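Visitor: Structure provided below as structure tokens; questions to follow.
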Amino acid sequence: MNAPDRFDAFLLGDGEKKVTEEPDTRIPSSSIFTFNKEDHTLGNLLRSQLLKSPHVTFAGYKVPHPLVNEFILRIQTDGSLTPKAALMQSCKELVSDLSILSREFTKEWELRKMVGDGAKADDKGDKGKGPVR
Amino acid sequence: MDYGVMDVDEVGPRVIIRESFPDRADFILENVDLAFANSLRRTMLAEVPTMAIDLVEVDENTSVLADEFIAHRLGLIPLNSKQIEDVLYTRDCDCDQYCENCSVTLTMHAKCTGDEIMKVYARDLVVSEPRPNEWVGNPIITDEAGLGAVICKLRKGQEVRMKCIAKKGIAKEHAKWAPTAAIGFEYDPHNKLKHLDYWYEEDPIKECFKGLYPKKNGMWEKESANQADGEPFDYNAVPSRFFFDLESIGNLEPDAVVQQGIKVMQQKLAAVLQELAGDDNRNGDVGADGFGGQEADGMQGGADYGVDQGYTTPYVNPGAASQWGGGATPYGATPYGQSGWNQ
Ligand SMILES: [Zn+2]
């Protein structure tokens, strides 16, 4: 039949690039990035991280069509860094946050195991953040 | 960083494990934004690799069920996926169709000789050696009798003989590769942000947040449901505490699902970074081992952003090995293997 292959949603085609940048000539310090074989998982994550930067004046993403496995991300900066640099910075911040999360989770999970499986944090008022009422 | 109102990022993500079971993790993720928490949820649901039967060679099937019907049932049987890093994707393997580096072979042979109806269970799948590691491909059996899922029933004289090839995959390709049965996800249990529009008869506080639907997660909020009554609505408020309830299918332990989800997200970001950095200097000449050598050049700007050396970490499980996987993995590839886009 004519159904697309399921792996089209996450495997790059031959010679296809993960990201391409198209500078927006109408506005300074502005670019449109196209991400191939990615979806809201990465799009919204990057958008939200970019908006935390004081040098980013605009960041927005969209998935132009639900059957096309790409999203576009538009970034405009205040000119003190390029949109690409802002994007790379955001990626690095996220990778770093994820590393922290991984360590935190490992630590907390091991602690929980020591207390015993099935133990409830509620009983212990874990970190002083137990039930309020 | 000279970010202004970054109370969130200064501490980084925090985790509180509320309950942990062999197949369930109930935890709270704090100090992250909604996009981060949701991306983690989406990644764990659809992009954490596991093992599942993908190819079935039918030698004999005289049961009442059609070949493809049984093949589908076989695909849905959860298989142990511990340390799945040891298994290659078949598409990245050098072999023609499948081999012991990229697959696990399970055989099923059952014939009913008695007068009673005979049931064939997941425990009747025999795993062949060698395989990538000692766990991968074992059918998950959690019932007390040690039977596992029912595959089919046979009447006297009926026989099934099949060779099943289990491969590595992700749920984005087929739901049989999903590591979780469900992931509970909630934030703002008192609905202070008004992201939800609850239906109610008379009093939303009484009907939605107390009594009728007592909210377990609401107890973790700083204020009780009615405390903020009469306060002006805060248009700038954002959620920062997320309640996860992750239920594993059994192929991976729940903490492994979280850690693998984190890793997959890092690999996505690393792939973007690699592509962008590659544009700058070597025009695509990134080396066959993907990330090897990347930290040397092109990434100098990464020095100032925190504890870690950025995307040199994704392939090392940070902070001590947990029991599911442990330490550094020999990953050097793109998210889905070498043969893809970085050649
Ligand atoms: Zn192979």
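Chain labels A, B, ... are given in the sequence in which chains occur in the structure tokens; within each chain residues are numbered consecutively from 1, and ligands are likewise numbered from 1 in the order shown.
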Per DSSP on the backbone, filter stretch 1-126 of chain A down to the residues in alpha helix (DSSP H) and report them as a PDB file with C-alpha atoms, in the first residue's frame.
Guide:
```
ATOM      1  CA  HIS A  40       7.334  18.729  19.140  1.00  0.00           C
ATOM      2  CA  THR A  41       9.576  16.858  21.565  1.00  0.00           C
ATOM      3  CA  LEU A  42      12.597  18.828  20.391  1.00  0.00           C
ATOM      4  CA  GLY A  43      10.811  21.835  18.904  1.00  0.00           C
ATOM      5  CA  ASN A  44       9.000  22.948  22.009  1.00  0.00           C
ATOM      6  CA  LEU A  45      11.983  22.109  24.202  1.00  0.00           C
ATOM      7  CA  LEU A  46      14.310  24.348  22.192  1.00  0.00           C
ATOM      8  CA  ARG A  47      11.761  27.110  21.823  1.00  0.00           C
ATOM      9  CA  SER A  48      11.234  27.322  25.544  1.00  0.00           C
ATOM     10  CA  GLN A  49      14.946  27.218  26.348  1.00  0.00           C
ATOM     11  CA  LEU A  50      15.738  29.911  23.772  1.00  0.00           C
ATOM     12  CA  PRO A  83      20.701  32.950  16.025  1.00  0.00           C
ATOM     13  CA  LYS A  84      22.845  29.889  15.456  1.00  0.00           C
ATOM     14  CA  ALA A  85      25.028  30.698  18.465  1.00  0.00           C
ATOM     15  CA  ALA A  86      21.903  31.184  20.567  1.00  0.00           C
ATOM     16  CA  LEU A  87      20.575  27.832  19.406  1.00  0.00           C
ATOM     17  CA  MET A  88      23.834  26.075  20.206  1.00  0.00           C
ATOM     18  CA  GLN A  89      23.961  27.728  23.609  1.00  0.00           C
ATOM     19  CA  SER A  90      20.435  26.543  24.369  1.00  0.00           C
ATOM     20  CA  CYS A  91      21.268  23.001  23.298  1.00  0.00           C
ATOM     21  CA  LYS A  92      24.262  22.953  25.602  1.00  0.00           C
ATOM     22  CA  GLU A  93      22.252  24.293  28.515  1.00  0.00           C
ATOM     23  CA  LEU A  94      19.685  21.571  28.002  1.00  0.00           C
ATOM     24  CA  VAL A  95      22.293  18.828  27.768  1.00  0.00           C
ATOM     25  CA  SER A  96      23.767  20.100  31.001  1.00  0.00           C
ATOM     26  CA  ASP A  97      20.355  20.245  32.707  1.00  0.00           C
ATOM     27  CA  LEU A  98      19.664  16.696  31.583  1.00  0.00           C
ATOM     28  CA  SER A  99      22.960  15.545  33.067  1.00  0.00           C
ATOM     29  CA  ILE A 100      22.013  17.144  36.358  1.00  0.00           C
ATOM     30  CA  LEU A 101      18.624  15.475  36.172  1.00  0.00           C
ATOM     31  CA  SER A 102      20.211  12.102  35.505  1.00  0.00           C
ATOM     32  CA  ARG A 103      22.482  12.438  38.529  1.00  0.00           C
ATOM     33  CA  GLU A 104      19.651  13.696  40.724  1.00  0.00           C
ATOM     34  CA  PHE A 105      17.424  10.822  39.704  1.00  0.00           C
ATOM     35  CA  THR A 106      20.119   8.214  40.290  1.00  0.00           C
ATOM     36  CA  LYS A 107      20.829   9.666  43.724  1.00  0.00           C
ATOM     37  CA  GLU A 108      17.192   9.827  44.784  1.00  0.00           C
ATOM     38  CA  TRP A 109      16.435   6.366  43.377  1.00  0.00           C
ATOM     39  CA  GLU A 110      19.303   4.755  45.264  1.00  0.00           C
ATOM     40  CA  LEU A 111      18.180   6.522  48.431  1.00  0.00           C
ATOM     41  CA  ARG A 112      14.666   5.229  47.943  1.00  0.00           C
ATOM     42  CA  LYS A 113      15.952   1.702  47.419  1.00  0.00           C
ATOM     43  CA  MET A 114      17.843   1.884  50.695  1.00  0.00           C
ATOM     44  CA  VAL A 115      14.679   2.910  52.496  1.00  0.00           C
ATOM     45  CA  ALA A 121       7.974   9.750  50.674  1.00  0.00           C
ATOM     46  CA  ASP A 122       4.789  11.096  52.209  1.00  0.00           C
ATOM     47  CA  ASP A 123       5.475   9.212  55.419  1.00  0.00           C
ATOM     48  CA  LYS A 124       8.851  10.785  55.878  1.00  0.00           C
TER      49      LYS A 124
END
```
Visitor: Taking only residues of chain B that have an atom at most 9 Å from an atom of ligand 1, what is each one's shortest atom pair and its distance in Å to one decimal, using only C-alpha atoms and all ligand atoms, in chain and number order, as a Markdown table?
Guide:
```
| residue | atom | partner | partner_atom_place_in_ligand_line | distance |
| --- | --- | --- | --- | --- |
| B:Leu88 | CA | ligand 1 | 1 (Zn) | 7.2 |
| B:Tyr89 | CA | ligand 1 | 1 (Zn) | 7.7 |
| B:Thr90 | CA | ligand 1 | 1 (Zn) | 5.3 |
| B:Arg91 | CA | ligand 1 | 1 (Zn) | 8.0 |
| B:Asp92 | CA | ligand 1 | 1 (Zn) | 7.8 |
| B:Cys93 | CA | ligand 1 | 1 (Zn) | 4.5 |
| B:Asp94 | CA | ligand 1 | 1 (Zn) | 5.8 |
| B:Cys95 | CA | ligand 1 | 1 (Zn) | 4.4 |
| B:Asp96 | CA | ligand 1 | 1 (Zn) | 7.0 |
| B:Gln97 | CA | ligand 1 | 1 (Zn) | 6.6 |
| B:Tyr98 | CA | ligand 1 | 1 (Zn) | 4.3 |
| B:Cys99 | CA | ligand 1 | 1 (Zn) | 3.9 |
| B:Glu100 | CA | ligand 1 | 1 (Zn) | 6.2 |
| B:Asn101 | CA | ligand 1 | 1 (Zn) | 5.1 |
| B:Cys102 | CA | ligand 1 | 1 (Zn) | 4.3 |
| B:Ser103 | CA | ligand 1 | 1 (Zn) | 6.7 |
```
Visitor: Quick one: residues within 7 Å of A:Glu22, only C-alpha atoms counted, chain neighbours fewer than 3 positions away excluded, as a VMD selection string?
Guide: chain A and resid 31 to 33
Visitor: Generate the output file for the selected residues, C-alpha atoms, as a compact mmCIF listing (two decimals), in the first residue's frame.
Guide:
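Done, and the output landed in part00.txt:
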```txt
# COMPACT_ATOMS: atom_id res chain seq x y z
CA SER A 31 17.13 32.84 10.99
CA ILE A 32 14.76 30.03 10.23
CA PHE A 33 16.04 26.57 11.09
```
Visitor: Using only C-alpha atoms, find the one residue out of B:His109, B:Arg161, B:Arg73, B:His174 that sits nearest to chain A.
Guide: B:His174
Visitor: Have a look at atom CA of B:Leu106 and atom CA of B:Lys156 and let me know their distance in Å, one decimal.
Guide: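 Value for the atom CA of B:Leu106-atom CA of B:Lys156 distance: 24.1 Å.
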Visitor: For stretch 62-77 of chain A, work out the shell of residues within 6 Å, counting only C-alpha atoms and skipping chain neighbours fewer than 6 positions away, then give it as a list of chain:residue names.
Guide: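 Everything that qualifies: A:Ala9, A:Ser29, A:Ser30, A:Ser31, A:Ile32, A:Phe33, A:Thr34, A:Phe35, A:Asn36, A:Lys37, A:Glu38, A:His55, A:Val56, A:Pro83.
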Visitor: For atom CA of B:Phe243 and atom CA of B:Glu30, quote the distance in Å rounded to one decimal.
Guide: 8.8 Å
Visitor: Which distance in Å separates atom CA of B:Arg18 and atom CA of B:Trp220, to one decimal?
Guide: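 Atom CA of B:Trp220 lies at a distance of 10.8 Å from atom CA of B:Arg18.
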Visitor: Which residue is closest to chain B? Choose from A:Leu51, A:Met1, A:Leu12, A:Ala59 and count only C-alpha atoms.
Guide: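 Smallest distance to chain B is found for A:Leu12.
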Visitor: Measuring atom to atom with only C-alpha atoms, identify which of A:Pro23, A:Pro28, A:Gly15, A:Gly60 is nearest to chain B.
Guide: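 Smallest distance to chain B is found for A:Gly15.
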